[in-house]
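Peer 1: Just passing along the structure, written as structure tokens.
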Amino acid sequence: MPEQAICHDALAAQFAGKRVLVTGHTGFKGGWLCLWLKELGAEVTGIALPPAEGPSLFSAVGLADVIDHRIGDIRDGADFGRACEGLEPDLVIHMAAQSLVRPSYADPVDTFRTNAVGTAVVLDQVRRMPTVRGVVVVTSDKCYENNEWPWPYREIDPMGGADPYSASKGCTELVASSFRRSYFSDPKGCQIATVRAGNVIGGGDWAVDRLVPDIIRATIAGTAVAIRNPASVRPWQHVLEPLSGYLTIGALLLSDAAPDFAEAWNFGPNPDAFVDVETIARILQKTWGPGAASIAFGKRTDDPHEAGMLTLDSSKALGRLGWRPRLTTEQAIAMTTNWYRAFADGSENMRSLTIEQIASFAASAELSSRVQEKIQACA
């Protein structure tokens with residue numbers, strides 16, 4: 001195992017004063033990432049569609065008040081270009097996406113337009129931004145051709161996807177690879193990495209047809225909830241786990257060692273977090289305690305196909321970065337329920353609570369001393 005060393009100070013030294021453009025900042029993961037970048041001292045600009053109606057992390061933490069908040073559509077090159085006017089970012093983290101399987105069945109064309117074409121639009125805009133030193137393209141564990149294998153998928157496994165969402169994420173990887181080889185192959189120029197996470201949970205996710213948000217909504221409303229595919233196994237992880245990996249890669253792309261890290265990376269949970277939907281739901285019920293929604297499990301005959309077994313192998317990140325997951329499944333769910341309970345009670349400042357969770361997690365995040373030295377050398 002690589003030698004371990006506390007790395008948060010090294011990340012802060014690297015990101016302090018850096019200009020970072022985040023696409024998709026009005027979404028769940030994008031909002032958490034922007035707050036963390038602000039805590040690291042970065043100058044953050046976000047470009048995204050307006051947040052969806054109803055509750056959101058973006059509105060709960062007042063993100064528009066602490067970053068340069070811009071509206072732009074990655075599906076439209078001209079519109080996205082206008083949103084980028086005047087920007088001179090050092091790093092781009094591309095998170096904007098259509099991120100749900102079931103809506104991809106309802107509108108496959110827009111899913112491909114957003115995830116595949118939208119990524120091409122963003123990378124094409126980066127070609128016109130001479131200040132950019134690195135791009136982190138966020139895809140998904142579902143980018144892999146899923147053969148329902150019992151072993152985790154590695155970065156060298158083929159792309160694929162039976163449903164439009166999964167296939168669109170495989171396409172996103174291919175788009176990033178094409179731009180890397182066609183336009184960003186100069187080792188002294190901008191570098192592109194892609195990053196893949198598991199099934200992410202955490203406070204502030206209100207997406208429909210996601211396990212934790214569905215249970216939380218029912219709990220707050222005092223109603224029951226129906227959960228499909230209880231036996232499906234997924235790599236569950238708190239949102240801060242993969243974000244710590246994304247930030248590590250981002251910091252390395254800002255260093256002189258960038259070409260060594262301009263490739264694909266998995267940031268998944270420990271194997272003991274590869275558990276089925278019913279287990280996660282039961283832990284969430286127990287953690288919430290009295291008042292948790294009652295759950296009915298089952299699969300309707302008209303439900304579209306979704307993968308039954310999907311897990312990630314993150315040994316590359318462990319071996320080369322010293323990155324590893326920090327939280328148990330129970331800890332991840334406890335942090336998540338604490339966030340939603342505070343939101344439902346209206347008892348806390350949600351920005352402060354979110355930043356506290358980031359700080360608590362960051363205190364335990366580690367990197368190999370080798371990677372830390374590369375980051376610090378270029379700070």
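Residues in the structure tokens are numbered from 1 in each chain, the chains being A, B, ... in the order shown, and ligands are numbered from 1 in the order shown.
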Need the shell around A:Ala78: protein/DNA/RNA residues with any atom at most 12 Å away, counting only C-alpha atoms. Skip same-chain ones fewer than 4 positions apart. Format as a list in words?
Peer 2: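 With the cut-off at 12 Å, the set is Gly72, Asp73, Ile74, Arg82, Ala83, Cys84, Glu85, Gly118, Val121, Val122, Asp124 and Gln125 of chain A.
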Peer 1: Write out as an MDAnalysis selection string the residues lying within 8 Å of A:Tyr153, counting only C-alpha atoms and excluding same-chain residues fewer than 4 positions away.
Peer 2: chainID A and resid 144 157 310:313
Peer 1: Where in stretch 182-219 of chain A does DSSP assign helix (DSSP H, G or I), given as a count of residues only?
Peer 2: 10
Peer 1: List the spatial neighbours of A:Arg324 as a short mmCIF file (atom, residue, chain, number, x, y, z; two decimals) with all heavy atoms, in the first residue's frame - criterion: any atom at most 9 Å away, only C-alpha atoms, same-chain residues fewer than 2 positions off excluded.
Peer 2:
data_model
loop_
_atom_site.label_atom_id
_atom_site.label_comp_id
_atom_site.auth_asym_id
_atom_site.auth_seq_id
_atom_site.Cartn_x
_atom_site.Cartn_y
_atom_site.Cartn_z
N GLU A 241 -16.86 11.22 -1.41
CA GLU A 241 -15.83 10.23 -1.77
C GLU A 241 -15.33 10.44 -3.20
O GLU A 241 -14.13 10.67 -3.42
CB GLU A 241 -16.37 8.81 -1.59
CG GLU A 241 -16.82 8.48 -0.19
CD GLU A 241 -15.69 7.97 0.70
OE1 GLU A 241 -14.53 8.39 0.50
OE2 GLU A 241 -15.98 7.17 1.59
N GLY A 245 -11.70 12.37 -5.23
CA GLY A 245 -10.90 11.87 -6.34
C GLY A 245 -10.86 12.85 -7.49
O GLY A 245 -9.80 13.08 -8.10
N PHE A 267 -13.40 5.98 -9.21
CA PHE A 267 -13.39 6.36 -7.80
C PHE A 267 -14.64 5.77 -7.14
O PHE A 267 -15.64 6.46 -6.91
CB PHE A 267 -13.35 7.89 -7.64
CG PHE A 267 -12.07 8.50 -8.12
CD1 PHE A 267 -12.02 9.19 -9.32
CD2 PHE A 267 -10.90 8.38 -7.38
CE1 PHE A 267 -10.84 9.76 -9.79
CE2 PHE A 267 -9.71 8.94 -7.83
CZ PHE A 267 -9.67 9.63 -9.03
N GLY A 268 -14.60 4.49 -6.88
CA GLY A 268 -15.74 3.79 -6.29
C GLY A 268 -15.51 3.47 -4.83
O GLY A 268 -14.45 3.74 -4.26
N PRO A 269 -16.51 2.84 -4.19
CA PRO A 269 -16.41 2.53 -2.76
C PRO A 269 -15.64 1.24 -2.52
O PRO A 269 -15.26 0.52 -3.45
CB PRO A 269 -17.87 2.37 -2.36
CG PRO A 269 -18.51 1.81 -3.59
CD PRO A 269 -17.82 2.50 -4.75
N ASN A 270 -15.42 0.93 -1.25
CA ASN A 270 -14.85 -0.36 -0.87
C ASN A 270 -15.82 -1.48 -1.24
O ASN A 270 -17.04 -1.27 -1.30
CB ASN A 270 -14.59 -0.39 0.64
CG ASN A 270 -13.39 0.46 1.04
OD1 ASN A 270 -12.35 0.45 0.36
ND2 ASN A 270 -13.52 1.20 2.13
N SER A 314 -11.42 0.21 -8.07
CA SER A 314 -10.68 1.47 -7.91
C SER A 314 -9.22 1.22 -7.53
O SER A 314 -8.57 2.12 -6.97
CB SER A 314 -11.36 2.36 -6.87
OG SER A 314 -12.68 2.65 -7.22
N SER A 315 -8.71 0.04 -7.82
CA SER A 315 -7.34 -0.28 -7.42
C SER A 315 -6.31 0.60 -8.11
O SER A 315 -5.24 0.86 -7.56
CB SER A 315 -7.05 -1.76 -7.68
OG SER A 315 -7.26 -2.10 -9.04
N ALA A 317 -6.63 3.86 -8.72
CA ALA A 317 -6.55 5.09 -7.93
C ALA A 317 -5.82 4.83 -6.61
O ALA A 317 -5.07 5.69 -6.13
CB ALA A 317 -7.94 5.65 -7.67
N LEU A 318 -6.03 3.66 -6.03
CA LEU A 318 -5.33 3.32 -4.78
C LEU A 318 -3.84 3.19 -5.02
O LEU A 318 -3.02 3.76 -4.30
CB LEU A 318 -5.89 2.01 -4.22
CG LEU A 318 -5.15 1.43 -3.01
CD1 LEU A 318 -5.19 2.39 -1.83
CD2 LEU A 318 -5.72 0.08 -2.63
N LEU A 321 -2.47 6.84 -6.78
CA LEU A 321 -2.78 8.10 -6.10
C LEU A 321 -2.77 7.99 -4.59
O LEU A 321 -2.73 9.00 -3.90
CB LEU A 321 -4.16 8.63 -6.54
CG LEU A 321 -4.41 8.82 -8.03
CD1 LEU A 321 -5.85 9.28 -8.26
CD2 LEU A 321 -3.42 9.80 -8.63
N GLY A 322 -2.87 6.78 -4.08
CA GLY A 322 -3.06 6.62 -2.64
C GLY A 322 -4.47 6.98 -2.21
O GLY A 322 -4.76 7.08 -1.03
N ARG A 326 -13.20 6.61 2.42
CA ARG A 326 -13.01 6.87 3.85
C ARG A 326 -14.19 6.41 4.70
O ARG A 326 -14.03 6.15 5.89
CB ARG A 326 -12.82 8.38 4.08
CG ARG A 326 -11.86 9.07 3.14
CD ARG A 326 -10.49 8.45 3.15
NE ARG A 326 -9.90 8.40 4.47
CZ ARG A 326 -8.76 7.78 4.74
NH1 ARG A 326 -8.11 7.14 3.79
NH2 ARG A 326 -8.27 7.78 5.96
N ALA A 365 -9.30 12.73 4.50
CA ALA A 365 -8.93 12.36 3.12
C ALA A 365 -7.41 12.35 2.99
O ALA A 365 -6.73 13.24 3.48
CB ALA A 365 -9.54 13.34 2.14
N GLU A 366 -6.89 11.35 2.31
CA GLU A 366 -5.46 11.17 2.21
C GLU A 366 -5.03 10.91 0.78
O GLU A 366 -5.79 10.44 -0.05
CB GLU A 366 -4.99 10.02 3.10
CG GLU A 366 -5.26 10.24 4.57
CD GLU A 366 -4.86 9.05 5.42
OE1 GLU A 366 -4.54 8.00 4.83
OE2 GLU A 366 -4.87 9.16 6.64
N LEU A 367 -3.75 11.20 0.53
CA LEU A 367 -3.11 10.90 -0.76
C LEU A 367 -1.74 10.30 -0.49
O LEU A 367 -1.17 10.47 0.59
CB LEU A 367 -2.89 12.18 -1.57
CG LEU A 367 -4.04 12.77 -2.36
CD1 LEU A 367 -3.54 14.01 -3.07
CD2 LEU A 367 -4.56 11.78 -3.36
#
Peer 1: Among stretch 5-241 of chain A, which ones does DSSP assign to strand (DSSP E) (computed from the backbone)? Answer as a compact mmCIF listing (two decimals) with C-alpha atoms, in the first residue's frame.
Peer 2:
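Produced file selection_21.txt, reproduced below:
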# COMPACT_ATOMS: atom_id res chain seq x y z
CA ALA A 5 -0.17 11.56 4.21
CA ILE A 6 -2.81 14.19 4.92
CA ARG A 19 -10.00 29.92 -11.69
CA VAL A 20 -12.21 26.83 -11.99
CA LEU A 21 -15.17 26.48 -14.32
CA VAL A 22 -17.73 23.87 -13.25
CA THR A 23 -20.52 22.87 -15.62
CA GLU A 43 -12.41 31.31 -7.84
CA VAL A 44 -15.41 29.31 -9.05
CA THR A 45 -17.68 29.94 -12.01
CA GLY A 46 -20.62 27.67 -12.67
CA ILE A 47 -22.50 27.28 -15.96
CA ALA A 48 -25.66 25.19 -16.05
CA ASP A 68 -20.06 33.33 -10.31
CA HIS A 69 -23.41 31.77 -11.28
CA ARG A 70 -24.21 31.70 -15.01
CA ILE A 71 -26.98 30.09 -17.04
CA LEU A 91 -9.29 24.16 -14.90
CA VAL A 92 -12.65 22.95 -16.23
CA ILE A 93 -14.67 20.27 -14.42
CA HIS A 94 -17.47 19.11 -16.69
CA GLY A 134 -6.77 20.68 -17.58
CA VAL A 135 -10.27 19.29 -18.03
CA VAL A 136 -11.92 16.70 -15.78
CA VAL A 137 -14.86 15.06 -17.56
CA VAL A 138 -17.25 13.34 -15.15
CA GLN A 191 -4.79 17.67 -20.58
CA ILE A 192 -8.07 15.72 -20.30
CA ALA A 193 -8.99 13.09 -17.71
CA THR A 194 -12.28 11.24 -17.24
CA VAL A 195 -13.60 10.13 -13.87
CA ARG A 196 -16.21 7.51 -12.97
CA ALA A 197 -18.03 7.10 -9.67
CA ASN A 199 -24.10 5.27 -7.00
CA VAL A 200 -23.67 8.52 -5.12
CA ILE A 201 -25.76 9.53 -2.10
CA VAL A 225 -42.84 4.54 -0.99
CA ALA A 226 -42.53 1.77 -3.58
CA ILE A 227 -38.97 0.72 -4.42
CA VAL A 233 -26.39 -4.51 -6.45
CA ARG A 234 -24.68 -1.15 -6.81
CA PRO A 235 -21.44 0.53 -5.58
CA TRP A 236 -22.91 2.97 -3.02
CA GLN A 237 -20.82 5.92 -1.78
CA HIS A 238 -21.21 9.34 -0.21
Peer 1: Just want the 7 Å neighbourhood of stretch 174-188 of chain A, counted on only C-alpha atoms, with same-chain residues fewer than 5 positions away dropped. Output as a short mmCIF file (atom, residue, chain, number, x, y, z; two decimals) with all heavy atoms, in the first residue's frame.
Peer 2:
data_model
loop_
_atom_site.label_atom_id
_atom_site.label_comp_id
_atom_site.auth_asym_id
_atom_site.auth_seq_id
_atom_site.Cartn_x
_atom_site.Cartn_y
_atom_site.Cartn_z
N ALA A 116 -23.45 13.27 -24.73
CA ALA A 116 -22.39 13.08 -25.72
C ALA A 116 -22.09 14.37 -26.48
O ALA A 116 -20.95 14.88 -26.47
CB ALA A 116 -22.77 11.96 -26.68
N ALA A 120 -18.95 17.29 -26.25
CA ALA A 120 -18.19 17.81 -27.40
C ALA A 120 -18.26 19.33 -27.45
O ALA A 120 -17.25 20.00 -27.77
CB ALA A 120 -18.73 17.20 -28.69
N PRO A 259 0.45 15.19 -17.80
CA PRO A 259 0.28 14.15 -18.82
C PRO A 259 0.23 12.74 -18.25
O PRO A 259 -0.37 11.85 -18.87
CB PRO A 259 1.52 14.35 -19.72
CG PRO A 259 1.89 15.78 -19.55
CD PRO A 259 1.59 16.07 -18.10
#
Peer 1: Let me make sure I understand: among A:Leu35, A:Ala96, A:Leu11, A:Leu284, which one has the smallest atom-to-atom distance to A:Arg113 if we use only C-alpha atoms?
Peer 2: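 Nearest candidate to A:Arg113 out of A:Leu35, A:Ala96, A:Leu11, A:Leu284: A:Ala96.
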Peer 1: Let me make sure I understand: among A:Ala262, A:Val275, A:Ile295, A:Val239, which one has the smallest atom-to-atom distance to A:Asp214 if we use only C-alpha atoms?
Peer 2: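 Checking each of A:Ala262, A:Val275, A:Ile295, A:Val239 against A:Asp214, counting only C-alpha atoms, the winner is A:Ile295.
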Peer 1: With only C-alpha atoms as the atoms that count, which of A:Gly204, A:Gly222, A:Pro164, A:Pro108 lies nearest to A:Ser59?
Peer 2: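 With only C-alpha atoms as the atom set, the closest residue is A:Gly204.
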Peer 1: Nearest to A:Ile220: which of A:Gly203, A:Gly291, A:Gly319, A:Gly30 is it, counting only C-alpha atoms?
Peer 2: A:Gly291
Peer 1: Quick one: pull the distance between atom CA of A:Ser166 and atom CA of A:Val101, Å, one decimal.
Peer 2: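 Distance between the two atoms: 7.3 Å.
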